[in-house]
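Structure file run18.txt (compact mmCIF, C-alpha atoms) is printed below.
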# COMPACT_ATOMS: atom_id res chain seq x y z
CA MET N 1 -64.40 0.25 17.34
CA THR N 2 -66.14 -1.84 14.75
CA PHE N 3 -65.16 -2.74 11.27
CA VAL N 4 -67.19 -3.99 8.39
CA VAL N 5 -68.16 -7.58 8.76
CA CYS N 6 -68.98 -9.00 5.39
CA ALA N 7 -71.70 -11.59 5.86
CA LEU N 8 -72.23 -12.06 2.17
CA THR N 9 -69.12 -13.00 0.23
CA VAL N 10 -68.41 -10.87 -2.78
CA PRO N 11 -68.27 -13.08 -5.89
CA ASN N 12 -65.24 -13.01 -8.14
CA LYS N 13 -65.31 -10.67 -11.08
CA PRO N 14 -66.89 -12.36 -14.08
CA ALA N 15 -65.11 -12.53 -17.43
CA THR N 16 -68.12 -10.91 -19.12
CA ARG N 17 -70.11 -7.84 -18.11
CA VAL N 18 -73.03 -9.67 -16.56
CA LEU N 19 -73.09 -12.03 -13.58
CA ASP N 20 -76.62 -13.34 -13.24
CA LEU N 21 -76.51 -15.37 -10.04
CA ALA N 22 -80.27 -14.90 -9.49
CA HIS N 23 -81.07 -16.39 -12.93
CA ILE N 24 -83.44 -13.66 -13.96
CA LEU N 25 -82.01 -13.25 -17.46
CA SER N 26 -82.00 -15.68 -20.36
CA ILE N 27 -78.74 -16.46 -22.15
CA SER N 28 -79.70 -14.34 -25.14
CA GLN N 29 -80.79 -11.47 -22.90
CA GLN N 30 -77.45 -11.65 -21.12
CA GLN N 31 -75.67 -11.56 -24.45
CA GLN N 32 -77.68 -8.52 -25.56
CA LEU N 33 -76.81 -6.70 -22.34
CA ILE N 34 -73.16 -7.63 -22.71
CA ASP N 35 -73.13 -6.29 -26.28
CA LYS N 36 -74.78 -3.10 -25.15
CA ILE N 37 -72.32 -2.59 -22.30
CA ASN N 38 -69.39 -3.28 -24.62
CA SER N 39 -70.58 -0.66 -27.07
CA VAL N 40 -70.93 1.84 -24.22
CA TYR N 41 -67.37 0.95 -23.23
CA THR N 42 -65.99 1.84 -26.64
CA LYS N 43 -68.17 4.92 -27.10
CA THR N 44 -67.32 6.51 -23.76
CA GLN N 45 -63.57 5.97 -23.55
CA GLY N 46 -63.79 2.97 -21.32
CA SER N 47 -66.64 3.59 -18.90
CA GLU N 48 -67.09 0.13 -17.46
CA ILE N 49 -70.57 -1.03 -16.49
CA GLU N 50 -71.19 -4.37 -14.75
CA ILE N 51 -74.43 -6.04 -13.76
CA LEU N 52 -74.66 -8.37 -10.78
CA THR N 53 -77.87 -10.10 -9.82
CA ILE N 54 -78.13 -12.07 -6.61
CA ASN N 55 -80.89 -14.01 -4.91
CA SER N 56 -80.61 -12.47 -1.49
CA LEU N 57 -78.50 -9.97 0.42
CA GLU N 58 -78.75 -12.19 3.50
CA GLY N 59 -79.51 -9.18 5.66
CA GLN N 60 -76.57 -7.07 4.53
CA PRO N 61 -77.39 -3.49 3.47
CA ILE N 62 -77.24 -3.25 -0.32
CA ASP N 63 -75.16 -0.07 -0.09
CA GLU N 64 -72.36 -1.91 1.68
CA PHE N 65 -72.49 -4.95 -0.53
CA ALA N 66 -72.46 -2.85 -3.70
CA ILE N 67 -69.42 -0.79 -2.79
CA GLN N 68 -67.49 -3.83 -1.60
CA THR N 69 -68.16 -5.52 -4.91
CA ALA N 70 -67.39 -2.45 -7.00
CA ARG N 71 -64.07 -1.97 -5.21
CA LYS N 72 -63.11 -5.62 -5.37
CA TRP N 73 -63.86 -5.81 -9.08
CA GLN N 74 -61.92 -2.58 -9.63
CA LEU N 75 -64.41 -1.31 -12.16
CA GLY N 76 -63.37 1.53 -14.40
CA GLN N 77 -59.95 2.51 -15.61
CA GLN N 78 -57.03 3.36 -13.42
CA GLY N 79 -56.92 7.07 -12.71
CA LYS N 80 -60.30 7.63 -14.37
CA ASN N 81 -62.42 5.65 -11.92
CA ASN N 82 -65.22 5.48 -14.46
CA GLY N 83 -66.95 2.32 -13.31
CA ILE N 84 -70.64 1.66 -12.72
CA LEU N 85 -72.05 -1.34 -10.88
CA ILE N 86 -75.71 -2.30 -11.02
CA VAL N 87 -76.69 -4.69 -8.23
CA VAL N 88 -80.08 -6.39 -8.19
CA SER N 89 -81.22 -8.54 -5.28
CA LYS N 90 -84.24 -10.53 -6.40
CA SER N 91 -85.85 -11.68 -3.15
CA ASP N 92 -85.12 -8.43 -1.30
CA LYS N 93 -86.59 -6.48 -4.25
CA GLN N 94 -83.72 -4.03 -3.94
CA SER N 95 -81.45 -2.49 -6.48
CA ARG N 96 -78.46 -0.20 -6.31
CA ILE N 97 -76.54 1.66 -8.96
CA GLU N 98 -73.05 2.46 -7.72
CA ILE N 99 -71.23 5.26 -9.50
CA GLY N 100 -67.43 5.56 -9.56
CA TYR N 101 -65.67 8.75 -8.46
CA GLY N 102 -64.87 9.76 -12.00
CA LEU N 103 -68.51 9.70 -13.11
CA GLU N 104 -70.07 11.32 -10.05
CA GLY N 105 -70.02 14.72 -11.73
CA VAL N 106 -71.76 13.49 -14.89
CA ILE N 107 -74.18 11.16 -13.15
CA PRO N 108 -75.41 12.86 -9.98
CA ASP N 109 -77.35 10.91 -7.35
CA GLY N 110 -80.53 12.73 -8.31
CA PHE N 111 -80.29 11.35 -11.84
CA VAL N 112 -79.68 7.83 -10.60
CA GLY N 113 -82.57 8.10 -8.15
CA ARG N 114 -84.94 9.13 -10.92
CA LEU N 115 -83.65 6.32 -13.09
CA GLN N 116 -84.33 3.84 -10.33
CA ARG N 117 -87.87 5.07 -9.71
CA ASN N 118 -88.94 5.73 -13.28
CA VAL N 119 -87.15 3.00 -15.23
CA LEU N 120 -85.86 0.17 -13.07
CA ALA N 121 -88.61 -0.16 -10.49
CA PRO N 122 -91.66 -0.17 -12.80
CA ASN N 123 -90.08 -2.77 -15.07
CA PHE N 124 -88.83 -4.93 -12.21
CA GLU N 125 -92.24 -4.80 -10.55
CA SER N 126 -93.77 -6.44 -13.58
CA GLY N 127 -90.91 -8.93 -13.83
CA ASN N 128 -89.27 -7.35 -16.89
CA TYR N 129 -85.74 -7.47 -15.54
CA TYR N 130 -84.12 -7.38 -18.96
CA GLN N 131 -86.17 -4.41 -20.10
CA GLY N 132 -85.39 -2.46 -16.93
CA LEU N 133 -81.66 -3.12 -17.13
CA SER N 134 -81.45 -2.45 -20.84
CA LEU N 135 -83.24 0.90 -20.60
CA THR N 136 -81.15 1.85 -17.58
CA ILE N 137 -77.94 1.24 -19.48
CA ASP N 138 -79.25 3.31 -22.40
CA GLN N 139 -79.97 6.23 -20.10
CA LEU N 140 -76.66 5.94 -18.27
CA ALA N 141 -74.79 5.85 -21.59
CA GLN N 142 -76.68 8.89 -22.82
CA GLN N 143 -75.86 10.76 -19.64
CA ILE N 144 -72.16 9.84 -19.79
CA SER N 145 -71.80 10.94 -23.41
CA LYS N 146 -73.46 14.29 -22.62
CA ASP N 147 -70.40 15.51 -20.83
CA PHE N 148 -67.49 13.20 -20.65
CA THR N 149 -64.79 14.62 -18.44
CA PRO N 150 -63.58 11.88 -16.14
CA GLN N 151 -62.27 13.21 -12.88
CA THR N 152 -59.22 11.72 -11.38
CA LYS N 153 -58.68 11.03 -7.76
CA ALA N 154 -55.18 11.32 -6.43
CA GLN N 155 -53.60 7.89 -6.21
CA PRO N 156 -50.92 7.27 -3.63
CA GLN N 157 -47.54 7.71 -5.21
CA ASN N 158 -45.12 4.87 -5.33
CA ASN N 159 -41.79 6.33 -6.31
CA VAL N 160 -38.55 4.42 -6.14
CA GLN N 161 -36.75 6.07 -3.29
CA TRP N 162 -33.15 6.95 -4.09
CA TYR N 163 -31.85 6.50 -0.56
CA TRP N 164 -32.88 2.87 -0.58
CA VAL N 165 -30.62 2.34 -3.55
CA ILE N 166 -27.73 4.02 -1.72
CA ILE N 167 -28.34 2.12 1.51
CA GLY N 168 -28.65 -1.14 -0.42
CA ALA N 169 -25.38 -0.50 -2.24
CA GLY N 170 -23.68 0.39 1.06
CA ILE N 171 -24.84 -2.82 2.72
CA GLY N 172 -23.78 -4.82 -0.32
CA ILE N 173 -20.27 -3.38 -0.09
CA ILE N 174 -20.10 -4.12 3.67
CA ILE N 175 -21.18 -7.72 3.06
CA ILE N 176 -18.61 -8.19 0.32
CA LEU N 177 -15.92 -6.65 2.56
CA LEU N 178 -16.91 -9.01 5.38
CA PHE N 179 -16.58 -12.04 3.12
CA VAL N 180 -13.25 -10.83 1.74
CA THR N 181 -11.85 -10.15 5.23
CA GLY N 182 -12.94 -13.60 6.39
CA HIS N 183 -15.99 -12.67 8.50
CA GLY N 184 -18.36 -14.86 6.54
CA ASP N 185 -20.50 -15.75 9.57
CA ILE N 186 -21.30 -12.09 10.29
CA ALA N 187 -22.04 -11.54 6.63
CA ILE N 188 -24.55 -14.38 6.59
CA ASN N 189 -26.29 -13.07 9.72
CA LEU N 190 -26.45 -9.66 8.16
CA LEU N 191 -27.98 -11.06 4.98
CA TYR N 192 -30.54 -12.92 7.06
CA LEU N 193 -31.56 -9.76 8.93
CA LEU N 194 -31.73 -7.81 5.72
CA LEU N 195 -34.00 -10.42 4.21
CA ASN N 196 -36.29 -10.18 7.23
CA ILE N 197 -36.60 -6.44 6.90
CA LEU N 198 -37.36 -6.70 3.20
CA ILE N 199 -40.04 -9.31 3.81
CA ASN N 200 -41.66 -7.12 6.45
CA ARG N 201 -41.71 -4.17 4.10
CA GLY N 202 -43.33 -6.29 1.44
CA ASN N 203 -46.07 -7.34 3.86
CA ASN N 204 -46.85 -3.75 4.78
CA LYS N 205 -47.14 -2.83 1.14
CA SER N 206 -49.60 -5.53 0.24
CA ASN N 207 -51.83 -4.62 3.19
CA LYS N 208 -51.83 -0.99 2.24
CA ASN N 209 -52.96 -1.47 -1.32
CA ASP N 210 -55.67 -4.00 -0.60
CA ASP N 211 -58.65 -1.76 -1.12
CA ILE N 212 -57.30 0.99 -3.30
CA GLY N 213 -56.91 -0.95 -6.51
CA GLY N 214 -56.31 -0.08 -10.14
CA GLY N 215 -59.67 1.30 -11.17
CA GLY N 216 -62.29 0.79 -8.53
CA GLY N 217 -62.36 4.30 -7.08
CA PHE N 218 -65.80 4.29 -5.49
CA GLY N 219 -66.89 6.60 -2.69
CA GLY N 220 -70.53 5.64 -2.28
CA GLY N 221 -72.07 7.70 -5.05
CA GLY N 222 -75.26 6.47 -6.69
CA SER N 223 -78.65 5.48 -5.40
CA SER N 224 -80.51 2.54 -3.90
CA ASN N 225 -84.15 1.70 -4.33
CA LYS N 226 -86.83 -0.84 -3.49
CA TRP N 227 -89.43 -1.97 -5.94
CA MET Q 1 -6.84 -13.99 16.31
CA ASN Q 2 -4.46 -11.07 16.87
CA LYS Q 3 -5.41 -7.83 18.58
CA LYS Q 4 -5.67 -5.85 15.38
CA GLY Q 5 -8.07 -8.35 13.85
CA PHE Q 6 -10.24 -8.32 16.96
CA ILE Q 7 -10.63 -4.55 16.89
CA SER Q 8 -11.60 -4.53 13.28
CA THR Q 9 -14.20 -7.22 13.90
CA LYS Q 10 -15.67 -5.14 16.68
CA ALA Q 11 -15.67 -2.08 14.47
CA ILE Q 12 -17.37 -3.96 11.67
CA ILE Q 13 -20.03 -5.34 14.00
CA THR Q 14 -20.72 -1.88 15.41
CA LEU Q 15 -20.95 -0.48 11.91
CA VAL Q 16 -23.32 -3.20 10.83
CA VAL Q 17 -25.53 -2.76 13.88
CA ILE Q 18 -25.70 0.99 13.38
CA ALA Q 19 -26.49 0.52 9.71
CA LEU Q 20 -29.24 -1.96 10.52
CA ILE Q 21 -30.81 0.30 13.12
CA MET Q 22 -30.72 3.15 10.68
CA ILE Q 23 -32.34 1.13 7.95
CA TYR Q 24 -35.01 -0.01 10.33
CA ALA Q 25 -35.61 3.54 11.55
CA VAL Q 26 -35.84 4.96 8.05
CA SER Q 27 -38.16 2.21 6.91
CA THR Q 28 -40.38 2.59 9.97
CA TYR Q 29 -40.47 6.35 9.65
CA ASN Q 30 -41.43 6.12 6.01
CA SER Q 31 -44.21 3.65 6.52
CA LEU Q 32 -45.57 5.68 9.43
CA ALA Q 33 -45.39 8.90 7.45
CA THR Q 34 -47.16 7.28 4.47
CA GLN Q 35 -49.87 5.85 6.67
CA ASN Q 36 -50.21 9.16 8.46
CA GLN Q 37 -50.82 10.81 5.11
CA GLY Q 38 -53.39 8.13 4.35
CA VAL Q 39 -55.23 8.91 7.56
CA MET Q 40 -55.13 12.64 6.78
CA SER Q 41 -56.53 12.20 3.30
CA SER Q 42 -59.27 9.87 4.44
CA TRP Q 43 -60.13 12.40 7.13
CA ALA Q 44 -60.33 15.09 4.47
CA GLN Q 45 -62.76 12.84 2.63
CA VAL Q 46 -64.90 12.44 5.76
CA GLN Q 47 -65.02 16.21 6.22
CA ASN Q 48 -65.87 16.75 2.54
CA GLN Q 49 -68.86 14.49 2.81
CA TYR Q 50 -70.13 16.09 6.01
CA GLN Q 51 -69.65 19.49 4.40
CA ARG Q 52 -71.56 18.31 1.36
CA ARG Q 53 -74.48 17.41 3.59
CA MET Q 54 -74.40 20.83 5.25
CA ASP Q 55 -74.33 22.51 1.83
CA LEU Q 56 -77.48 20.67 0.78
CA ILE Q 57 -79.48 21.70 3.83
CA PRO Q 58 -80.21 25.36 2.86
CA ASN Q 59 -81.84 24.12 -0.38
CA LEU Q 60 -83.85 21.61 1.57
CA VAL Q 61 -84.95 24.24 4.07
CA ASN Q 62 -86.02 26.57 1.25
CA ILE Q 63 -88.17 23.97 -0.47
CA VAL Q 64 -89.77 22.77 2.75
CA LYS Q 65 -90.43 26.35 3.89
CA GLY Q 66 -92.50 26.87 0.75
CA GLU Q 67 -94.84 24.12 1.85
CA ALA Q 68 -97.77 25.69 3.72
CA ASN Q 69 -98.17 24.76 7.41
CA PHE Q 70 -95.05 22.65 7.51
CA GLU Q 71 -94.18 21.68 11.06
CA LYS Q 72 -91.94 24.48 12.21
CA SER Q 73 -90.25 22.58 15.03
CA THR Q 74 -88.66 19.87 12.85
CA LEU Q 75 -87.38 22.50 10.49
CA THR Q 76 -85.86 24.66 13.23
CA ASP Q 77 -84.26 21.52 14.69
CA VAL Q 78 -82.44 20.94 11.43
CA ILE Q 79 -81.39 24.57 11.14
CA ASN Q 80 -80.10 24.63 14.72
CA ALA Q 81 -78.29 21.32 14.39
CA ARG Q 82 -76.63 22.55 11.22
CA ALA Q 83 -75.53 25.77 12.92
CA LYS Q 84 -74.04 23.74 15.75
CA ALA Q 85 -72.30 21.34 13.38
CA THR Q 86 -70.64 24.17 11.47
CA GLN Q 87 -69.07 25.33 14.73
CA VAL Q 88 -67.49 22.02 15.64
CA THR Q 89 -64.61 21.39 13.30
CA LEU Q 90 -61.69 19.11 13.84
CA SER Q 91 -58.31 19.77 12.29
CA PRO Q 92 -56.34 16.66 11.34
CA GLU Q 93 -53.65 17.43 13.95
CA LEU Q 94 -56.20 16.74 16.68
CA LEU Q 95 -57.20 13.34 15.36
CA ASN Q 96 -55.44 11.58 18.22
CA ASP Q 97 -57.94 13.06 20.65
CA GLN Q 98 -60.77 10.57 21.03
CA ALA Q 99 -62.89 13.04 23.03
CA LYS Q 100 -62.63 15.68 20.31
CA LEU Q 101 -63.54 13.24 17.58
CA GLN Q 102 -66.46 12.02 19.64
CA GLN Q 103 -67.68 15.58 20.04
CA PHE Q 104 -67.43 16.12 16.31
CA GLN Q 105 -69.28 12.89 15.70
CA GLN Q 106 -71.99 13.80 18.19
CA THR Q 107 -72.85 17.14 16.63
CA GLN Q 108 -72.92 15.58 13.17
CA ASN Q 109 -75.11 12.76 14.44
CA GLN Q 110 -77.53 15.27 15.91
CA LEU Q 111 -77.76 16.87 12.51
CA GLY Q 112 -78.26 13.45 10.94
CA SER Q 113 -81.06 12.48 13.27
CA SER Q 114 -82.83 15.84 12.94
CA LEU Q 115 -82.66 15.31 9.18
CA SER Q 116 -84.19 11.85 9.42
CA ARG Q 117 -86.97 13.25 11.60
CA LEU Q 118 -87.62 15.86 8.94
CA MET Q 119 -87.81 13.17 6.29
CA VAL Q 120 -90.34 11.21 8.29
CA THR Q 121 -92.42 14.35 8.67
CA VAL Q 122 -92.25 14.98 4.94
CA GLU Q 123 -94.26 11.80 4.37
CA LYS Q 124 -97.32 13.71 5.54
CA TYR Q 125 -97.06 16.28 2.75
CA PRO Q 126 -98.05 14.77 -0.60
CA ASP Q 127 -97.27 17.98 -2.49
CA LEU Q 128 -93.64 17.78 -1.43
CA LYS Q 129 -93.36 14.18 -2.45
CA THR Q 130 -94.48 14.91 -5.99
CA ASN Q 131 -92.13 17.90 -6.24
CA GLN Q 132 -89.37 16.88 -8.68
CA GLN Q 133 -86.84 19.26 -7.23
CA PHE Q 134 -87.51 17.94 -3.77
CA ALA Q 135 -87.21 14.33 -4.92
CA GLN Q 136 -83.84 15.09 -6.45
CA LEU Q 137 -82.68 16.79 -3.29
CA MET Q 138 -83.71 13.73 -1.29
CA ASP Q 139 -81.68 11.53 -3.65
CA GLU Q 140 -78.66 13.76 -3.17
CA LEU Q 141 -79.11 13.66 0.59
CA ALA Q 142 -79.47 9.89 0.67
CA GLY Q 143 -76.39 9.61 -1.54
CA THR Q 144 -74.49 11.91 0.79
CA GLU Q 145 -75.46 9.89 3.85
CA ASN Q 146 -74.09 6.83 2.10
CA ARG Q 147 -70.89 8.65 1.16
CA ILE Q 148 -70.51 9.69 4.78
CA ALA Q 149 -70.86 6.07 5.89
CA VAL Q 150 -68.32 4.93 3.30
CA SER Q 151 -65.80 7.64 4.11
CA ARG Q 152 -66.12 6.90 7.83
CA ARG Q 153 -65.47 3.21 7.25
CA ASP Q 154 -62.49 4.02 5.06
CA PHE Q 155 -61.19 6.40 7.71
CA ASN Q 156 -61.48 3.76 10.43
CA ASN Q 157 -59.67 1.26 8.23
CA THR Q 158 -56.74 3.58 7.54
CA VAL Q 159 -56.56 4.49 11.23
CA GLN Q 160 -56.52 0.83 12.14
CA GLN Q 161 -53.58 0.18 9.83
CA TYR Q 162 -51.75 3.23 11.11
CA ASN Q 163 -52.44 2.47 14.77
CA SER Q 164 -51.28 -1.11 14.51
CA ASN Q 165 -47.96 0.28 13.32
CA VAL Q 166 -47.76 2.86 16.09
CA VAL Q 167 -48.71 0.57 18.94
CA ILE Q 168 -46.95 -2.70 18.17
CA PHE Q 169 -43.46 -3.41 19.53
CA PRO Q 170 -40.77 -2.57 18.49
CA ARG Q 171 -42.16 0.03 16.13
CA ASN Q 172 -43.89 1.84 19.00
CA ILE Q 173 -40.48 2.92 20.33
CA LEU Q 174 -39.62 4.57 17.04
CA ALA Q 175 -43.14 5.93 16.62
CA ASN Q 176 -42.79 7.60 20.00
CA THR Q 177 -39.40 9.00 19.09
CA PHE Q 178 -40.74 10.43 15.84
CA GLY Q 179 -43.85 11.77 17.54
CA PHE Q 180 -46.45 9.56 15.84
CA LYS Q 181 -49.40 9.05 18.15
CA ALA Q 182 -52.26 6.59 17.93
CA LYS Q 183 -55.38 8.14 16.39
CA ALA Q 184 -59.05 8.03 17.32
CA TYR Q 185 -61.75 5.99 15.62
CA PHE Q 186 -65.32 6.74 14.77
CA GLN Q 187 -67.59 4.90 17.14
CA ALA Q 188 -70.28 2.80 15.54
CA ASP Q 189 -73.78 4.13 15.86
CA GLU Q 190 -76.56 2.40 14.05
CA SER Q 191 -78.65 5.49 13.44
CA SER Q 192 -76.06 7.44 11.52
CA ASN Q 193 -74.93 4.53 9.39
CA LYS Q 194 -78.32 4.19 7.77
CA ALA Q 195 -79.23 6.55 4.99
CA PRO Q 196 -82.63 8.04 5.69
CA ALA Q 197 -85.10 6.33 3.42
CA ILE Q 198 -88.06 8.02 1.88
CA ASN Q 199 -90.77 6.41 -0.15
CA PHE Q 200 -91.83 8.26 -3.28
CA SER Q 201 -93.79 5.45 -4.82
CA ASN Q 202 -97.27 6.64 -3.85

Could you rewrite the structure in this file as C-alpha cells?
Amino acid sequence: MTFVVCALTVPNKPATRVLDLAHILSISQQQQLIDKINSVYTKTQGSEIEILTINSLEGQPIDEFAIQTARKWQLGQQGKNNGILIVVSKSDKQSRIEIGYGLEGVIPDGFVGRLQRNVLAPNFESGNYYQGLSLTIDQLAQQISKDFTPQTKAQPQNNVQWYWVIIGAGIGIIIILLFVTGHGDIAINLLYLLLNILINRGNNKSNKNDDIGGGGGFGGGGSSNKW
Amino acid sequence: MNKKGFISTKAIITLVVIALIMIYAVSTYNSLATQNQGVMSSWAQVQNQYQRRMDLIPNLVNIVKGEANFEKSTLTDVINARAKATQVTLSPELLNDQAKLQQFQQTQNQLGSSLSRLMVTVEKYPDLKTNQQFAQLMDELAGTENRIAVSRRDFNNTVQQYNSNVVIFPRNILANTFGFKAKAYFQADESSNKAPAINFSN
C-alpha cells in the first residue's frame, strides 16, 4: 500500500487571486489578472479562479500537485465547488487547469484541452505568459456564463446527535449524585475518563475532515499540457 | 463505612462502568459506521470513473475504425479488454476481499494498458491527430485517467482511516463485535497512475 508522498510543498493560499512564485508576471500584469478574476467572480455567482506559477515541479506530476493545491486552498464556494486552479510550472514548461466538481459539466475536459493547446501553449511558447493567462480566463468566464448551473456534491452530514445529549445529561446527573452522596473521588475519576473520550472523539473528527474542506471539491477534472 | 453504604458504592461503580462502556461502544460504532460510509462513497466514485472510461471507449473505437488501415490488433485488444472489464464488478460488500479487489484492478489495468498502446499507435496516423472530435475524445480520456487516479488515492486514504480504527486496540474488539472488517487497498502500479499522453502539437 502506498500513499501520496508530497515532495513539493503546497504553498499557502494567497490573499489575492494570483501567486506568481516563478516571477513571470509584472506587478501591473498581476493586478490586471486579479481584477479580471474578481469580475468573473461577481459575474458568475462566485466561481473562484486562482493562478499559481512555480519555477519547478521538482519531479512531481503536475496533476497531483494541482489537485493537492486546489483542495488545500478550498477553491470555490461550499456546496457549489465552483473553483478553478491554473498551475504553470516555468522550467518544466507544463501547465494544468484544474476544474472543480461543480464546473465539470460546464467546462468539460475537451474544452480545457483545446484551451491549453490553442491559447495557453502558443502564448507561453513565445513567452507571453500574461497574454496566455488573460485570454484563458476570458474563455473560461465565457464558458461558465454560457450555462451556469453549479452541481453540488453531497457533503458528509454533521448533525447534532440527540442521544449524546441524553447520555451527557445522564452522566452529569450521576456525577452530581456522586458528589452529593460523598463519592467525590469516583466522580473525579469519571470526569477524567469522560474528558479522555471527548478528546479522542475530537481527534477523530479533525482527521476526517482534513481533505474535504469547505469549497475545494475537486475530483481531477481539467487538462494538463506541455508547451 | 456501614454495609448499606458499601453496597451503594458498589452499585454506583457498576453503573458508572456500564455507562462508560456503553458510551465508548456507541461512539466507536458511530465513528466506524461513518467511516464505513466514507469508504463506500469513495468506492462509488472509483467505480463511476472506471465506468466513465468504459463509456468513452465505443466513441473512440468508432472514430478509429473510420481511419483506413488502422492496426486491427490494437483496436481488438481494447474492445476485448473492455468486454472483460465490464464483467468484473465488485460490490462494496466485498471490499474486504483483497483478492477480489486485485482482480478488479487487474482487468481495469489491462484495459488501461491496451488504451495506452492504442494511443501510441495513433501517433502514426496524422489524419486522426488533426481530427477535432478525436482530439476532444483524447482530452476526455486523459481527464478520466486522472480522475481514476484521484479517486483511487481518495479511496485508499479513506480505507486507511477506516482500517486504523478497525485494527487498533481496543477498538478492534468492538469492530469485531459489530462486524466491521478491515478493507482492501488498491495496489500501486506505475503504469495505471499515469494518464496516457498524446502529442497533438505537430

Could I get the residues of chain Q with an atom no further than 6 Å from an atom of chain N, each paired with its nearest atom pair and that distance in Å to one decimal, using all atoms listed in the file, sorted by chain and residue number, as a tab-separated table?
residue	atom	partner	partner_atom	distance
Q:Gln136	CA	N:Gly110	CA	4.5
Q:Asp139	CA	N:Gly110	CA	4.9
Q:Glu140	CA	N:Asp109	CA	5.2
Q:Gly143	CA	N:Gly221	CA	5.9
Q:Asn146	CA	N:Gly220	CA	5.8
Q:Arg147	CA	N:Gly220	CA	4.6
Q:Gln187	CA	N:Met1	CA	5.6

Using C-alpha atoms, can you export the residues from the last selection as a short mmCIF file (atom, residue, chain, number, x, y, z; two decimals), in the frame of the given file?
data_model
loop_
_atom_site.label_atom_id
_atom_site.label_comp_id
_atom_site.auth_asym_id
_atom_site.auth_seq_id
_atom_site.Cartn_x
_atom_site.Cartn_y
_atom_site.Cartn_z
CA GLN Q 136 -83.84 15.09 -6.45
CA ASP Q 139 -81.68 11.53 -3.65
CA GLU Q 140 -78.66 13.76 -3.17
CA GLY Q 143 -76.39 9.61 -1.54
CA ASN Q 146 -74.09 6.83 2.10
CA ARG Q 147 -70.89 8.65 1.16
CA GLN Q 187 -67.59 4.90 17.14
#

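Counting all atoms listed in the file, range 124-126 of chain Q has the following residues at most 10 Å away, ignoring those fewer than 3 positions along the same chain: Val64, Glu67, Ala68, Asn69, Phe70, Met119, Val120, Thr121, Lys129, Thr130, Asn131, Phe200 and Asn202 of chain Q.
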
Residues within 10 Å of Arg82 in chain Q, all atoms listed in the file, excluding chain neighbours under 6 positions, as a PyMOL selection string:
chain Q and resi 53-55+57-58+76+107-108+110-112+114-115

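Closest approach to Leu75 in chain N among N:Leu33, N:Ile62, N:Ile51, N:Leu57 is made by N:Ile51 (distances from all atoms listed in the file).
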
Could you check which of N:Lys72, N:Ser126, N:Glu104, N:Ser89 is closest to Leu21 in chain N, using all atoms listed in the file?
N:Ser89

Quote the spacing between CA of Lys100 in chain Q and CA of Phe180 in chain Q in Å to one decimal place.
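According to the coordinates, CA of Lys100 in chain Q and CA of Phe180 in chain Q are separated by 17.9 Å.
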
At a cut-off of 9 Å, using all atoms listed in the file, what residues contact Leu95 in chain Q? Leave out same-chain residues fewer than 6 positions from it and give the result as a list in words.
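The residues satisfying every condition are Met40, Trp43, Leu101, Ala182, Lys183, Ala184 and Tyr185 of chain Q.
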
Polymer residues at most 12 Å from range 166-170 of chain Q, all atoms listed in the file, same-chain spacing of 4 or more positions, as a ChimeraX atom specification:
/Q:21,24-25,28-29,31-33,35-36,96,159-162,174-183

Using the selection just defined, write its residues with C-alpha atoms as a short mmCIF file (atom, residue, chain, number, x, y, z; two decimals), in the coordinates of the input.
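And here is the file that came out, selection_5.cif:
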data_model
loop_
_atom_site.label_atom_id
_atom_site.label_comp_id
_atom_site.auth_asym_id
_atom_site.auth_seq_id
_atom_site.Cartn_x
_atom_site.Cartn_y
_atom_site.Cartn_z
CA ILE Q 21 -30.81 0.30 13.12
CA TYR Q 24 -35.01 -0.01 10.33
CA ALA Q 25 -35.61 3.54 11.55
CA THR Q 28 -40.38 2.59 9.97
CA TYR Q 29 -40.47 6.35 9.65
CA SER Q 31 -44.21 3.65 6.52
CA LEU Q 32 -45.57 5.68 9.43
CA ALA Q 33 -45.39 8.90 7.45
CA GLN Q 35 -49.87 5.85 6.67
CA ASN Q 36 -50.21 9.16 8.46
CA ASN Q 96 -55.44 11.58 18.22
CA VAL Q 159 -56.56 4.49 11.23
CA GLN Q 160 -56.52 0.83 12.14
CA GLN Q 161 -53.58 0.18 9.83
CA TYR Q 162 -51.75 3.23 11.11
CA LEU Q 174 -39.62 4.57 17.04
CA ALA Q 175 -43.14 5.93 16.62
CA ASN Q 176 -42.79 7.60 20.00
CA THR Q 177 -39.40 9.00 19.09
CA PHE Q 178 -40.74 10.43 15.84
CA GLY Q 179 -43.85 11.77 17.54
CA PHE Q 180 -46.45 9.56 15.84
CA LYS Q 181 -49.40 9.05 18.15
CA ALA Q 182 -52.26 6.59 17.93
CA LYS Q 183 -55.38 8.14 16.39
#

Find the residue from N:Asn55, N:Thr69, N:Gln32, N:Thr44 that sits nearest to Asn82 in chain N; use all atoms listed in the file when measuring.
N:Thr44

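Atom pair CA of Gln103 in chain Q / CA of Ser151 in chain Q: separated by 17.9 Å.
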
To one decimal place, how far is CA of Gly216 in chain N from CA of Asn81 in chain N in Å?
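CA of Asn81 in chain N lies at a distance of 5.9 Å from CA of Gly216 in chain N.
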
Mind checking which residues fall within 12 Å of Gln31 in chain N, counting all atoms listed in the file, ignoring those fewer than 4 positions away in the same chain, and posting them as number ranges by chain?
N: 16-20, 25-27, 35-38, 130, 134

Resulting file, chosen residues, C-alpha atoms, as a PDB file, keeping the file's coordinate frame:
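Output below, filename result03.pdb:
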ATOM      1  CA  THR N  16     -68.120 -10.910 -19.120  1.00  0.00           C
ATOM      2  CA  ARG N  17     -70.110  -7.840 -18.110  1.00  0.00           C
ATOM      3  CA  VAL N  18     -73.030  -9.670 -16.560  1.00  0.00           C
ATOM      4  CA  LEU N  19     -73.090 -12.030 -13.580  1.00  0.00           C
ATOM      5  CA  ASP N  20     -76.620 -13.340 -13.240  1.00  0.00           C
ATOM      6  CA  LEU N  25     -82.010 -13.250 -17.460  1.00  0.00           C
ATOM      7  CA  SER N  26     -82.000 -15.680 -20.360  1.00  0.00           C
ATOM      8  CA  ILE N  27     -78.740 -16.460 -22.150  1.00  0.00           C
ATOM      9  CA  ASP N  35     -73.130  -6.290 -26.280  1.00  0.00           C
ATOM     10  CA  LYS N  36     -74.780  -3.100 -25.150  1.00  0.00           C
ATOM     11  CA  ILE N  37     -72.320  -2.590 -22.300  1.00  0.00           C
ATOM     12  CA  ASN N  38     -69.390  -3.280 -24.620  1.00  0.00           C
ATOM     13  CA  TYR N 130     -84.120  -7.380 -18.960  1.00  0.00           C
ATOM     14  CA  SER N 134     -81.450  -2.450 -20.840  1.00  0.00           C
TER      15      SER N 134
END
